[in-house]
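Here is the file target_37.tsv (TSV, N, CA and C atoms and all ligand atoms).
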```tsv
chain	number	residue	atom	x	y	z
A	166	MET	N	-30.95	50.31	-17.32
A	166	MET	CA	-31.18	49.84	-15.95
A	166	MET	C	-32.01	48.56	-15.96
A	167	SER	N	-31.62	47.65	-15.10
A	167	SER	CA	-32.38	46.43	-14.94
A	167	SER	C	-33.37	46.66	-13.80
A	168	SER	N	-34.68	46.42	-14.02
A	168	SER	CA	-35.70	46.85	-13.06
A	168	SER	C	-35.60	46.12	-11.73
A	169	ASP	N	-35.04	44.89	-11.72
A	169	ASP	CA	-34.97	44.16	-10.45
A	169	ASP	C	-33.55	44.15	-9.88
A	170	CYS	N	-32.72	45.09	-10.32
A	170	CYS	CA	-31.33	45.12	-9.84
A	170	CYS	C	-31.19	46.14	-8.70
A	171	ILE	N	-30.75	45.66	-7.54
A	171	ILE	CA	-30.61	46.52	-6.35
A	171	ILE	C	-29.65	47.68	-6.63
A	172	PHE	N	-28.52	47.39	-7.28
A	172	PHE	CA	-27.52	48.45	-7.46
A	172	PHE	C	-27.97	49.47	-8.52
A	173	CYS	N	-28.77	49.05	-9.49
A	173	CYS	CA	-29.36	50.04	-10.41
A	173	CYS	C	-30.28	50.97	-9.62
A	174	ALA	N	-31.03	50.41	-8.67
A	174	ALA	CA	-31.93	51.22	-7.86
A	174	ALA	C	-31.14	52.18	-6.96
A	175	VAL	N	-30.02	51.71	-6.42
A	175	VAL	CA	-29.16	52.60	-5.62
A	175	VAL	C	-28.63	53.73	-6.50
A	176	ALA	N	-28.21	53.37	-7.71
A	176	ALA	CA	-27.58	54.36	-8.60
A	176	ALA	C	-28.52	55.51	-8.96
A	177	VAL	N	-29.83	55.22	-9.06
A	177	VAL	CA	-30.79	56.29	-9.40
A	177	VAL	C	-31.44	56.89	-8.15
A	178	GLY	N	-31.04	56.42	-6.95
A	178	GLY	CA	-31.56	56.99	-5.71
A	178	GLY	C	-32.88	56.40	-5.27
A	179	ARG	N	-33.33	55.32	-5.93
A	179	ARG	CA	-34.61	54.69	-5.56
A	179	ARG	C	-34.45	53.91	-4.24
A	180	ILE	N	-33.25	53.37	-4.02
A	180	ILE	CA	-32.91	52.76	-2.72
A	180	ILE	C	-31.84	53.65	-2.10
A	181	PRO	N	-32.07	54.12	-0.85
A	181	PRO	CA	-31.09	55.01	-0.23
A	181	PRO	C	-29.78	54.29	0.07
A	182	ALA	N	-28.68	55.03	-0.01
A	182	ALA	CA	-27.37	54.44	0.28
A	182	ALA	C	-26.51	55.50	0.93
A	183	ASP	N	-25.51	55.04	1.67
A	183	ASP	CA	-24.55	55.94	2.31
A	183	ASP	C	-23.42	56.19	1.30
A	184	VAL	N	-23.66	57.18	0.45
A	184	VAL	CA	-22.71	57.47	-0.65
A	184	VAL	C	-21.49	58.19	-0.09
A	185	VAL	N	-20.30	57.69	-0.44
A	185	VAL	CA	-19.07	58.34	0.05
A	185	VAL	C	-18.37	59.15	-1.04
A	186	ALA	N	-18.61	58.80	-2.30
A	186	ALA	CA	-17.97	59.54	-3.40
A	186	ALA	C	-18.65	59.15	-4.70
A	187	GLU	N	-18.51	60.02	-5.70
A	187	GLU	CA	-18.97	59.66	-7.03
A	187	GLU	C	-18.19	60.43	-8.07
A	188	SER	N	-18.16	59.85	-9.27
A	188	SER	CA	-17.61	60.56	-10.43
A	188	SER	C	-18.72	60.52	-11.47
A	189	SER	N	-18.42	60.91	-12.69
A	189	SER	CA	-19.53	61.04	-13.65
A	189	SER	C	-20.25	59.70	-13.88
A	190	LYS	N	-19.51	58.60	-13.92
A	190	LYS	CA	-20.13	57.32	-14.26
A	190	LYS	C	-20.04	56.27	-13.15
A	191	VAL	N	-19.46	56.64	-12.00
A	191	VAL	CA	-19.19	55.64	-10.95
A	191	VAL	C	-19.68	56.17	-9.59
A	192	LEU	N	-20.22	55.23	-8.78
A	192	LEU	CA	-20.72	55.57	-7.45
A	192	LEU	C	-20.01	54.71	-6.41
A	193	ALA	N	-19.69	55.31	-5.26
A	193	ALA	CA	-19.08	54.57	-4.14
A	193	ALA	C	-19.97	54.75	-2.92
A	194	PHE	N	-20.41	53.65	-2.31
A	194	PHE	CA	-21.29	53.73	-1.14
A	194	PHE	C	-20.96	52.60	-0.18
A	195	ARG	N	-21.29	52.79	1.11
A	195	ARG	CA	-20.94	51.80	2.13
A	195	ARG	C	-21.80	50.55	2.02
A	196	ASP	N	-21.14	49.40	2.20
A	196	ASP	CA	-21.85	48.12	2.21
A	196	ASP	C	-22.70	48.04	3.48
A	197	ILE	N	-23.96	47.56	3.32
A	197	ILE	CA	-24.86	47.49	4.49
A	197	ILE	C	-24.45	46.38	5.45
A	198	ASN	N	-23.61	45.46	5.00
A	198	ASN	CA	-23.20	44.35	5.86
A	198	ASN	C	-21.67	44.26	5.81
A	199	PRO	N	-20.99	45.21	6.48
A	199	PRO	CA	-19.55	45.34	6.27
A	199	PRO	C	-18.74	44.11	6.69
A	200	ALA	N	-17.75	43.77	5.86
A	200	ALA	CA	-16.86	42.64	6.12
A	200	ALA	C	-15.48	43.13	6.56
A	201	ALA	N	-15.35	44.43	6.79
A	201	ALA	CA	-14.08	45.02	7.24
A	201	ALA	C	-14.44	46.34	7.91
A	202	PRO	N	-13.54	46.92	8.72
A	202	PRO	CA	-13.85	48.21	9.36
A	202	PRO	C	-14.30	49.26	8.35
A	203	THR	N	-13.67	49.28	7.19
A	203	THR	CA	-14.14	50.13	6.08
A	203	THR	C	-14.50	49.22	4.92
A	204	HIS	N	-15.74	49.30	4.46
A	204	HIS	CA	-16.21	48.43	3.37
A	204	HIS	C	-17.10	49.27	2.45
A	205	VAL	N	-16.54	49.64	1.31
A	205	VAL	CA	-17.24	50.50	0.36
A	205	VAL	C	-17.39	49.74	-0.96
A	206	LEU	N	-18.55	49.87	-1.58
A	206	LEU	CA	-18.80	49.25	-2.88
A	206	LEU	C	-18.58	50.27	-3.98
A	207	ILE	N	-17.90	49.86	-5.04
A	207	ILE	CA	-17.63	50.73	-6.18
A	207	ILE	C	-18.41	50.16	-7.37
A	208	ILE	N	-19.37	50.92	-7.89
A	208	ILE	CA	-20.21	50.41	-8.99
A	208	ILE	C	-20.27	51.41	-10.15
A	209	PRO	N	-20.41	50.90	-11.37
A	209	PRO	CA	-20.75	51.81	-12.46
A	209	PRO	C	-22.22	52.19	-12.30
A	210	LYS	N	-22.58	53.46	-12.55
A	210	LYS	CA	-23.99	53.88	-12.39
A	210	LYS	C	-24.90	53.16	-13.38
A	211	ARG	N	-24.34	52.81	-14.53
A	211	ARG	CA	-25.12	52.08	-15.53
A	211	ARG	C	-24.84	50.59	-15.41
A	212	HIS	N	-25.84	49.78	-15.66
A	212	HIS	CA	-25.69	48.33	-15.56
A	212	HIS	C	-24.98	47.81	-16.82
A	213	ILE	N	-23.65	47.89	-16.84
A	213	ILE	CA	-22.94	47.52	-18.08
A	213	ILE	C	-22.75	46.02	-18.23
A	214	VAL	N	-22.41	45.34	-17.14
A	214	VAL	CA	-22.28	43.87	-17.15
A	214	VAL	C	-22.65	43.35	-15.77
A	215	ASP	N	-22.88	42.03	-15.68
A	215	ASP	CA	-23.28	41.42	-14.40
A	215	ASP	C	-22.10	41.19	-13.46
A	216	SER	N	-20.91	40.98	-14.03
A	216	SER	CA	-19.74	40.70	-13.17
A	216	SER	C	-18.47	40.93	-13.98
A	217	VAL	N	-17.32	40.85	-13.32
A	217	VAL	CA	-16.05	41.05	-14.03
A	217	VAL	C	-15.83	39.98	-15.11
A	218	ALA	N	-16.54	38.85	-15.01
A	218	ALA	CA	-16.38	37.78	-16.00
A	218	ALA	C	-16.80	38.24	-17.40
A	219	ASP	N	-17.64	39.26	-17.47
A	219	ASP	CA	-18.17	39.72	-18.76
A	219	ASP	C	-17.46	40.96	-19.31
A	220	LEU	N	-16.38	41.37	-18.64
A	220	LEU	CA	-15.67	42.57	-19.09
A	220	LEU	C	-14.81	42.27	-20.32
A	221	THR	N	-14.69	43.27	-21.18
A	221	THR	CA	-13.81	43.18	-22.34
A	221	THR	C	-13.00	44.48	-22.42
A	222	SER	N	-12.12	44.54	-23.40
A	222	SER	CA	-11.31	45.75	-23.55
A	222	SER	C	-12.19	46.97	-23.89
A	223	ASP	N	-13.42	46.75	-24.35
A	223	ASP	CA	-14.35	47.87	-24.60
A	223	ASP	C	-14.70	48.62	-23.32
A	224	HIS	N	-14.48	47.97	-22.16
A	224	HIS	CA	-14.85	48.59	-20.89
A	224	HIS	C	-13.67	49.29	-20.20
A	225	ALA	N	-12.59	49.47	-20.95
A	225	ALA	CA	-11.37	50.02	-20.33
A	225	ALA	C	-11.62	51.37	-19.66
A	226	GLU	N	-12.39	52.23	-20.31
A	226	GLU	CA	-12.57	53.58	-19.77
A	226	GLU	C	-13.33	53.56	-18.44
A	227	ILE	N	-14.44	52.84	-18.39
A	227	ILE	CA	-15.22	52.81	-17.14
A	227	ILE	C	-14.43	52.11	-16.04
A	228	LEU	N	-13.65	51.09	-16.40
A	228	LEU	CA	-12.83	50.40	-15.39
A	228	LEU	C	-11.78	51.35	-14.81
A	229	GLY	N	-11.17	52.15	-15.68
A	229	GLY	CA	-10.21	53.14	-15.21
A	229	GLY	C	-10.86	54.09	-14.23
A	230	GLU	N	-12.10	54.51	-14.55
A	230	GLU	CA	-12.82	55.44	-13.67
A	230	GLU	C	-13.15	54.76	-12.33
A	231	MET	N	-13.48	53.46	-12.37
A	231	MET	CA	-13.79	52.74	-11.12
A	231	MET	C	-12.55	52.63	-10.24
A	232	PHE	N	-11.40	52.30	-10.85
A	232	PHE	CA	-10.17	52.15	-10.07
A	232	PHE	C	-9.72	53.51	-9.52
A	233	GLU	N	-9.91	54.56	-10.32
A	233	GLU	CA	-9.51	55.89	-9.86
A	233	GLU	C	-10.36	56.30	-8.66
A	234	LEU	N	-11.68	56.06	-8.72
A	234	LEU	CA	-12.54	56.44	-7.60
A	234	LEU	C	-12.21	55.59	-6.37
A	235	ALA	N	-11.90	54.30	-6.58
A	235	ALA	CA	-11.52	53.44	-5.45
A	235	ALA	C	-10.30	54.01	-4.73
A	236	ALA	N	-9.30	54.42	-5.48
A	236	ALA	CA	-8.08	54.98	-4.87
A	236	ALA	C	-8.39	56.30	-4.17
A	237	ASP	N	-9.29	57.11	-4.75
A	237	ASP	CA	-9.70	58.37	-4.10
A	237	ASP	C	-10.37	58.08	-2.76
A	238	VAL	N	-11.29	57.10	-2.76
A	238	VAL	CA	-12.00	56.75	-1.52
A	238	VAL	C	-10.99	56.23	-0.49
A	239	ALA	N	-10.05	55.40	-0.91
A	239	ALA	CA	-9.04	54.87	0.02
A	239	ALA	C	-8.27	56.01	0.68
A	240	ARG	N	-7.96	57.04	-0.09
A	240	ARG	CA	-7.25	58.21	0.47
A	240	ARG	C	-8.13	58.95	1.47
A	241	VAL	N	-9.39	59.23	1.06
A	241	VAL	CA	-10.30	60.00	1.93
A	241	VAL	C	-10.61	59.22	3.21
A	242	GLU	N	-10.67	57.90	3.11
A	242	GLU	CA	-11.00	57.06	4.27
A	242	GLU	C	-9.76	56.70	5.10
A	243	ASP	N	-8.61	57.30	4.74
A	243	ASP	CA	-7.35	57.08	5.49
A	243	ASP	C	-6.91	55.62	5.50
A	244	LEU	N	-6.98	54.99	4.36
A	244	LEU	CA	-6.59	53.57	4.28
A	244	LEU	C	-5.15	53.42	3.79
A	245	ASP	N	-4.32	54.42	4.04
A	245	ASP	CA	-2.97	54.41	3.47
A	245	ASP	C	-2.12	53.24	3.98
A	246	GLU	N	-2.52	52.58	5.10
A	246	GLU	CA	-1.75	51.41	5.58
A	246	GLU	C	-2.02	50.18	4.72
A	247	GLY	N	-3.11	50.19	3.95
A	247	GLY	CA	-3.39	49.04	3.10
A	247	GLY	C	-4.87	48.84	2.85
A	248	TRP	N	-5.20	48.36	1.66
A	248	TRP	CA	-6.59	48.10	1.31
A	248	TRP	C	-6.66	47.04	0.23
A	249	ARG	N	-7.85	46.49	0.06
A	249	ARG	CA	-8.08	45.44	-0.94
A	249	ARG	C	-9.24	45.83	-1.84
A	250	LEU	N	-9.16	45.37	-3.09
A	250	LEU	CA	-10.30	45.45	-4.01
A	250	LEU	C	-10.64	44.02	-4.38
A	251	VAL	N	-11.90	43.64	-4.15
A	251	VAL	CA	-12.32	42.26	-4.40
A	251	VAL	C	-13.56	42.28	-5.26
A	252	SER	N	-13.67	41.31	-6.18
A	252	SER	CA	-14.89	41.17	-6.96
A	252	SER	C	-15.26	39.69	-7.02
A	253	ASN	N	-16.44	39.37	-6.53
A	253	ASN	CA	-16.90	37.98	-6.53
A	253	ASN	C	-17.60	37.66	-7.84
A	254	VAL	N	-17.35	36.48	-8.37
A	254	VAL	CA	-18.02	36.02	-9.59
A	254	VAL	C	-18.67	34.67	-9.30
A	255	GLY	N	-19.99	34.62	-9.38
A	255	GLY	CA	-20.71	33.36	-9.25
A	255	GLY	C	-21.02	33.00	-7.81
A	256	PRO	N	-22.00	32.10	-7.63
A	256	PRO	CA	-22.49	31.77	-6.28
A	256	PRO	C	-21.43	31.13	-5.39
A	257	ALA	N	-20.55	30.32	-5.94
A	257	ALA	CA	-19.55	29.65	-5.10
A	257	ALA	C	-18.56	30.65	-4.52
A	258	ALA	N	-18.40	31.79	-5.19
A	258	ALA	CA	-17.52	32.85	-4.68
A	258	ALA	C	-18.28	33.83	-3.81
A	259	GLY	N	-19.59	33.65	-3.72
A	259	GLY	CA	-20.40	34.51	-2.84
A	259	GLY	C	-21.05	35.69	-3.53
A	260	GLN	N	-21.09	35.69	-4.87
A	260	GLN	CA	-21.75	36.82	-5.55
A	260	GLN	C	-23.26	36.76	-5.32
A	261	THR	N	-23.81	37.88	-4.83
A	261	THR	CA	-25.26	37.94	-4.59
A	261	THR	C	-25.93	39.02	-5.42
A	262	VAL	N	-25.17	40.03	-5.85
A	262	VAL	CA	-25.74	41.11	-6.67
A	262	VAL	C	-25.06	41.06	-8.04
A	263	HIS	N	-25.90	40.94	-9.08
A	263	HIS	CA	-25.37	40.73	-10.43
A	263	HIS	C	-25.33	42.04	-11.22
A	264	HIS	N	-24.54	42.96	-10.68
A	264	HIS	CA	-24.26	44.27	-11.28
A	264	HIS	C	-22.79	44.50	-10.93
A	265	LEU	N	-21.97	44.71	-11.94
A	265	LEU	CA	-20.52	44.84	-11.71
A	265	LEU	C	-20.21	45.67	-10.47
A	266	HIS	N	-19.38	45.16	-9.58
A	266	HIS	CA	-18.96	45.95	-8.42
A	266	HIS	C	-17.66	45.41	-7.85
A	267	PHE	N	-16.93	46.32	-7.20
A	267	PHE	CA	-15.74	45.96	-6.45
A	267	PHE	C	-15.99	46.30	-4.99
A	268	HIS	N	-15.52	45.41	-4.11
A	268	HIS	CA	-15.54	45.68	-2.68
A	268	HIS	C	-14.20	46.34	-2.33
A	269	LEU	N	-14.24	47.54	-1.78
A	269	LEU	CA	-13.04	48.20	-1.27
A	269	LEU	C	-13.03	47.96	0.24
A	270	LEU	N	-12.00	47.21	0.68
A	270	LEU	CA	-11.93	46.77	2.08
A	270	LEU	C	-10.67	47.30	2.73
A	271	GLY	N	-10.79	47.76	3.97
A	271	GLY	CA	-9.59	48.23	4.67
A	271	GLY	C	-9.94	48.67	6.07
A	272	GLY	N	-8.98	49.35	6.69
A	272	GLY	CA	-9.21	49.88	8.03
A	272	GLY	C	-8.77	48.94	9.14
A	273	TRP	N	-8.09	47.84	8.79
A	273	TRP	CA	-7.60	46.93	9.84
A	273	TRP	C	-6.44	47.59	10.56
A	274	SER	N	-6.21	47.15	11.81
A	274	SER	CA	-5.07	47.72	12.54
A	274	SER	C	-3.79	47.16	11.95
A	275	THR	N	-2.76	47.97	11.95
A	275	THR	CA	-1.49	47.54	11.35
A	275	THR	C	-0.88	46.40	12.18
A	276	ASP	N	-1.19	46.35	13.49
A	276	ASP	CA	-0.63	45.29	14.35
A	276	ASP	C	-1.14	43.91	13.93
A	277	THR	N	-2.46	43.79	13.82
A	277	THR	CA	-3.02	42.47	13.49
A	277	THR	C	-3.05	42.23	11.98
A	278	GLY	N	-3.16	43.29	11.22
A	278	GLY	CA	-3.19	43.16	9.76
A	278	GLY	C	-4.52	42.64	9.25
A	279	ALA	N	-4.65	42.57	7.94
A	279	ALA	CA	-5.88	42.09	7.31
A	279	ALA	C	-6.00	40.58	7.50
A	280	PRO	N	-7.24	40.08	7.55
A	280	PRO	CA	-7.39	38.63	7.54
A	280	PRO	C	-6.84	38.06	6.25
A	281	ARG	N	-6.30	36.84	6.33
A	281	ARG	CA	-5.81	36.20	5.10
A	281	ARG	C	-6.98	36.00	4.14
A	282	LEU	N	-6.69	35.99	2.86
A	282	LEU	CA	-7.73	35.66	1.91
A	282	LEU	C	-8.13	34.21	2.14
A	283	PRO	N	-9.39	33.86	1.85
A	283	PRO	CA	-9.80	32.47	2.04
A	283	PRO	C	-8.89	31.53	1.25
A	284	ASP	N	-8.57	30.38	1.86
A	284	ASP	CA	-7.77	29.40	1.13
A	284	ASP	C	-8.54	28.08	1.08
A	285	GLU	N	-7.90	27.02	0.61
A	285	GLU	CA	-8.62	25.76	0.40
A	285	GLU	C	-9.12	25.14	1.69
A	286	ARG	N	-8.54	25.58	2.83
A	286	ARG	CA	-9.01	25.06	4.10
A	286	ARG	C	-10.20	25.86	4.60
A	287	GLY	N	-10.60	26.91	3.81
A	287	GLY	CA	-11.73	27.73	4.22
A	287	GLY	C	-11.35	28.76	5.26
A	288	GLY	N	-10.04	29.00	5.43
A	288	GLY	CA	-9.58	29.94	6.45
A	288	GLY	C	-9.70	31.37	6.02
A	301	LIG	P1	-21.54	40.31	-3.64
A	301	LIG	O1	-22.00	39.35	-2.57
A	301	LIG	O2	-20.09	40.21	-3.98
A	301	LIG	O3	-22.44	40.25	-4.85
A	301	LIG	O4	-21.69	41.76	-3.00
A	301	LIG	C1	-22.91	42.36	-2.79
A	301	LIG	C2	-22.78	43.23	-1.57
A	301	LIG	O5	-23.82	44.18	-1.61
A	301	LIG	C3	-22.89	42.50	-0.23
A	301	LIG	O6	-21.70	42.69	0.52
A	301	LIG	C4	-24.10	43.17	0.44
A	301	LIG	O7	-23.93	43.34	1.82
A	301	LIG	C5	-24.19	44.48	-0.29
A	301	LIG	N1	-25.50	45.10	-0.39
A	301	LIG	C6	-26.65	44.53	-0.79
A	301	LIG	N2	-27.65	45.44	-0.82
A	301	LIG	C7	-27.10	46.62	-0.45
A	301	LIG	C8	-27.60	47.95	-0.27
A	301	LIG	N3	-28.90	48.24	-0.50
A	301	LIG	N4	-26.77	48.92	0.15
A	301	LIG	C9	-25.47	48.63	0.39
A	301	LIG	N5	-24.93	47.40	0.24
A	301	LIG	C10	-25.73	46.42	-0.16
A	302	ZN	ZN	-27.86	46.92	-12.12
```
Structure translated into structure tokens:
Amino acid sequence: MSSDCIFCAVAVGRIPADVVAESSKVLAFRDINPAAPTHVLIIPKRHIVDSVADLTSDHAEILGEMFELAADVARVEDLDEGWRLVSNVGPAAGQTVHHLHFHLLGGWSTDTGAPRLPDERGG
């Protein structure tokens, strides 16, 4: 655990979080500043790397567990119409917490659909 890492503190219960699911090595909890009707963060409980940029094939097992829990949460949260998994790397992409995590986003109405991903026009 990194002593100044917010998500390490969440993982050990030192900072309270709205936990929606967990597996042996992965935790899913609601983002405090949601960017979609449903916004859940998927993190490894251990601080294995700072971002997806540092992942290697050695991390295959924990990544599989993260993706499996993400799909479980999507089912429990009724996101069957569609959902996204996003991971920011670096300040220009908006990364603020340097503990591997995926944003699970969904819950948009099927009529309007999800917002487009940002493009070069900043849309
Ligand atoms: P990123 O900006 O991609 O590094 O994502 C970090 C996310 O963590 C942001 O969406 C924040 O709103 C969220 N966040 C920060 N602190 C907490 C916390 N204590 N509980 C839940 N979400 C948090
Ligand atoms: Zn950490």
If the limit is 6 Å from any atom of ligand LIG 301 (chain A), counting all atoms listed in the file, which residues qualify? Return them as an mmCIF file with N, CA and C atoms, keeping the file's coordinate frame.
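Saved result, selection_33.cif, follows:
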```
data_model
loop_
_atom_site.group_PDB
_atom_site.id
_atom_site.type_symbol
_atom_site.label_atom_id
_atom_site.label_comp_id
_atom_site.auth_asym_id
_atom_site.auth_seq_id
_atom_site.Cartn_x
_atom_site.Cartn_y
_atom_site.Cartn_z
ATOM 1 N N ALA A 182 -28.680 55.030 -0.010
ATOM 2 C CA ALA A 182 -27.370 54.440 0.280
ATOM 3 C C ALA A 182 -26.510 55.500 0.930
ATOM 4 N N ARG A 195 -21.290 52.790 1.110
ATOM 5 C CA ARG A 195 -20.940 51.800 2.130
ATOM 6 C C ARG A 195 -21.800 50.550 2.020
ATOM 7 N N ASP A 196 -21.140 49.400 2.200
ATOM 8 C CA ASP A 196 -21.850 48.120 2.210
ATOM 9 C C ASP A 196 -22.700 48.040 3.480
ATOM 10 N N ILE A 197 -23.960 47.560 3.320
ATOM 11 C CA ILE A 197 -24.860 47.490 4.490
ATOM 12 C C ILE A 197 -24.450 46.380 5.450
ATOM 13 N N ASN A 198 -23.610 45.460 5.000
ATOM 14 C CA ASN A 198 -23.200 44.350 5.860
ATOM 15 C C ASN A 198 -21.670 44.260 5.810
ATOM 16 N N PRO A 199 -20.990 45.210 6.480
ATOM 17 C CA PRO A 199 -19.550 45.340 6.270
ATOM 18 C C PRO A 199 -18.740 44.110 6.690
ATOM 19 N N SER A 252 -13.670 41.310 -6.180
ATOM 20 C CA SER A 252 -14.890 41.170 -6.960
ATOM 21 C C SER A 252 -15.260 39.690 -7.020
ATOM 22 N N ASN A 253 -16.440 39.370 -6.530
ATOM 23 C CA ASN A 253 -16.900 37.980 -6.530
ATOM 24 C C ASN A 253 -17.600 37.660 -7.840
ATOM 25 N N GLY A 259 -19.590 33.650 -3.720
ATOM 26 C CA GLY A 259 -20.400 34.510 -2.840
ATOM 27 C C GLY A 259 -21.050 35.690 -3.530
ATOM 28 N N GLN A 260 -21.090 35.690 -4.870
ATOM 29 C CA GLN A 260 -21.750 36.820 -5.550
ATOM 30 C C GLN A 260 -23.260 36.760 -5.320
ATOM 31 N N THR A 261 -23.810 37.880 -4.830
ATOM 32 C CA THR A 261 -25.260 37.940 -4.590
ATOM 33 C C THR A 261 -25.930 39.020 -5.420
ATOM 34 N N VAL A 262 -25.170 40.030 -5.850
ATOM 35 C CA VAL A 262 -25.740 41.110 -6.670
ATOM 36 C C VAL A 262 -25.060 41.060 -8.040
ATOM 37 N N HIS A 263 -25.900 40.940 -9.080
ATOM 38 C CA HIS A 263 -25.370 40.730 -10.430
ATOM 39 C C HIS A 263 -25.330 42.040 -11.220
#
```
Please list as a ChimeraX atom specification every residue within 6.5 Å of region 271-284 of chain A, counting all atoms listed in the file and excluding residues in the same chain fewer than 3 positions away. /A:201-204,244,247-249,287-288
Using all atoms listed in the file, find each residue with an atom at most 6 Å away from ligand ZN 302 (chain A) and format the answer as a PyMOL selection string. chain A and resi 166-167+170-174+211-212+263-264
Take the residues from that selection and put them in a file with N, CA and C atoms, as a tab-separated table (two decimals), keeping the file's coordinate frame.
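The file below, out_39.tsv, is the result:
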```tsv
chain	number	residue	atom	x	y	z
A	166	MET	N	-30.95	50.31	-17.32
A	166	MET	CA	-31.18	49.84	-15.95
A	166	MET	C	-32.01	48.56	-15.96
A	167	SER	N	-31.62	47.65	-15.10
A	167	SER	CA	-32.38	46.43	-14.94
A	167	SER	C	-33.37	46.66	-13.80
A	170	CYS	N	-32.72	45.09	-10.32
A	170	CYS	CA	-31.33	45.12	-9.84
A	170	CYS	C	-31.19	46.14	-8.70
A	171	ILE	N	-30.75	45.66	-7.54
A	171	ILE	CA	-30.61	46.52	-6.35
A	171	ILE	C	-29.65	47.68	-6.63
A	172	PHE	N	-28.52	47.39	-7.28
A	172	PHE	CA	-27.52	48.45	-7.46
A	172	PHE	C	-27.97	49.47	-8.52
A	173	CYS	N	-28.77	49.05	-9.49
A	173	CYS	CA	-29.36	50.04	-10.41
A	173	CYS	C	-30.28	50.97	-9.62
A	174	ALA	N	-31.03	50.41	-8.67
A	174	ALA	CA	-31.93	51.22	-7.86
A	174	ALA	C	-31.14	52.18	-6.96
A	211	ARG	N	-24.34	52.81	-14.53
A	211	ARG	CA	-25.12	52.08	-15.53
A	211	ARG	C	-24.84	50.59	-15.41
A	212	HIS	N	-25.84	49.78	-15.66
A	212	HIS	CA	-25.69	48.33	-15.56
A	212	HIS	C	-24.98	47.81	-16.82
A	263	HIS	N	-25.90	40.94	-9.08
A	263	HIS	CA	-25.37	40.73	-10.43
A	263	HIS	C	-25.33	42.04	-11.22
A	264	HIS	N	-24.54	42.96	-10.68
A	264	HIS	CA	-24.26	44.27	-11.28
A	264	HIS	C	-22.79	44.50	-10.93
```
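Atom to atom, CA of Lys210 (chain A) and CA of Asp245 (chain A) stand 26.3 Å apart.
Here atom C of Glu226 (chain A) is placed at a distance of 12.1 Å from CA of Ile208 (chain A).
Picture a line from CA of Glu233 (chain A) to CA of Leu265 (chain A); it runs 15.7 Å.
With all atoms listed in the file as the atoms that count, the residue of A:Gly255, A:Val205, A:Asp219, A:Ile227 with the shortest distance to Val191 (chain A) is A:Ile227.
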Hey, which of A:Phe232, A:Ala186, A:Asp169, A:Ile207 ends up closest to His268 (chain A)? Count all atoms listed in the file. A:Ile207
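Closest approach to Phe194 (chain A) among A:His224, A:Ser216, A:Val238, A:Val254: A:Val238, based on only C-alpha atoms.
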Got a sec to tell me which of chain A DSSP assigns to strand (DSSP E), as a ChimeraX atom specification? /A:184-187,191-195,203-209,248-251,267-271
Grab the residues selected above and save them as a compact mmCIF listing (two decimals), in the frame of the given file with N, CA and C atoms.
```txt
# COMPACT_ATOMS: atom_id res chain seq x y z
N VAL A 184 -23.66 57.18 0.45
CA VAL A 184 -22.71 57.47 -0.65
C VAL A 184 -21.49 58.19 -0.09
N VAL A 185 -20.30 57.69 -0.44
CA VAL A 185 -19.07 58.34 0.05
C VAL A 185 -18.37 59.15 -1.04
N ALA A 186 -18.61 58.80 -2.30
CA ALA A 186 -17.97 59.54 -3.40
C ALA A 186 -18.65 59.15 -4.70
N GLU A 187 -18.51 60.02 -5.70
CA GLU A 187 -18.97 59.66 -7.03
C GLU A 187 -18.19 60.43 -8.07
N VAL A 191 -19.46 56.64 -12.00
CA VAL A 191 -19.19 55.64 -10.95
C VAL A 191 -19.68 56.17 -9.59
N LEU A 192 -20.22 55.23 -8.78
CA LEU A 192 -20.72 55.57 -7.45
C LEU A 192 -20.01 54.71 -6.41
N ALA A 193 -19.69 55.31 -5.26
CA ALA A 193 -19.08 54.57 -4.14
C ALA A 193 -19.97 54.75 -2.92
N PHE A 194 -20.41 53.65 -2.31
CA PHE A 194 -21.29 53.73 -1.14
C PHE A 194 -20.96 52.60 -0.18
N ARG A 195 -21.29 52.79 1.11
CA ARG A 195 -20.94 51.80 2.13
C ARG A 195 -21.80 50.55 2.02
N THR A 203 -13.67 49.28 7.19
CA THR A 203 -14.14 50.13 6.08
C THR A 203 -14.50 49.22 4.92
N HIS A 204 -15.74 49.30 4.46
CA HIS A 204 -16.21 48.43 3.37
C HIS A 204 -17.10 49.27 2.45
N VAL A 205 -16.54 49.64 1.31
CA VAL A 205 -17.24 50.50 0.36
C VAL A 205 -17.39 49.74 -0.96
N LEU A 206 -18.55 49.87 -1.58
CA LEU A 206 -18.80 49.25 -2.88
C LEU A 206 -18.58 50.27 -3.98
N ILE A 207 -17.90 49.86 -5.04
CA ILE A 207 -17.63 50.73 -6.18
C ILE A 207 -18.41 50.16 -7.37
N ILE A 208 -19.37 50.92 -7.89
CA ILE A 208 -20.21 50.41 -8.99
C ILE A 208 -20.27 51.41 -10.15
N PRO A 209 -20.41 50.90 -11.37
CA PRO A 209 -20.75 51.81 -12.46
C PRO A 209 -22.22 52.19 -12.30
N TRP A 248 -5.20 48.36 1.66
CA TRP A 248 -6.59 48.10 1.31
C TRP A 248 -6.66 47.04 0.23
N ARG A 249 -7.85 46.49 0.06
CA ARG A 249 -8.08 45.44 -0.94
C ARG A 249 -9.24 45.83 -1.84
N LEU A 250 -9.16 45.37 -3.09
CA LEU A 250 -10.30 45.45 -4.01
C LEU A 250 -10.64 44.02 -4.38
N VAL A 251 -11.90 43.64 -4.15
CA VAL A 251 -12.32 42.26 -4.40
C VAL A 251 -13.56 42.28 -5.26
N PHE A 267 -16.93 46.32 -7.20
CA PHE A 267 -15.74 45.96 -6.45
C PHE A 267 -15.99 46.30 -4.99
N HIS A 268 -15.52 45.41 -4.11
CA HIS A 268 -15.54 45.68 -2.68
C HIS A 268 -14.20 46.34 -2.33
N LEU A 269 -14.24 47.54 -1.78
CA LEU A 269 -13.04 48.20 -1.27
C LEU A 269 -13.03 47.96 0.24
N LEU A 270 -12.00 47.21 0.68
CA LEU A 270 -11.93 46.77 2.08
C LEU A 270 -10.67 47.30 2.73
N GLY A 271 -10.79 47.76 3.97
CA GLY A 271 -9.59 48.23 4.67
C GLY A 271 -9.94 48.67 6.07
```
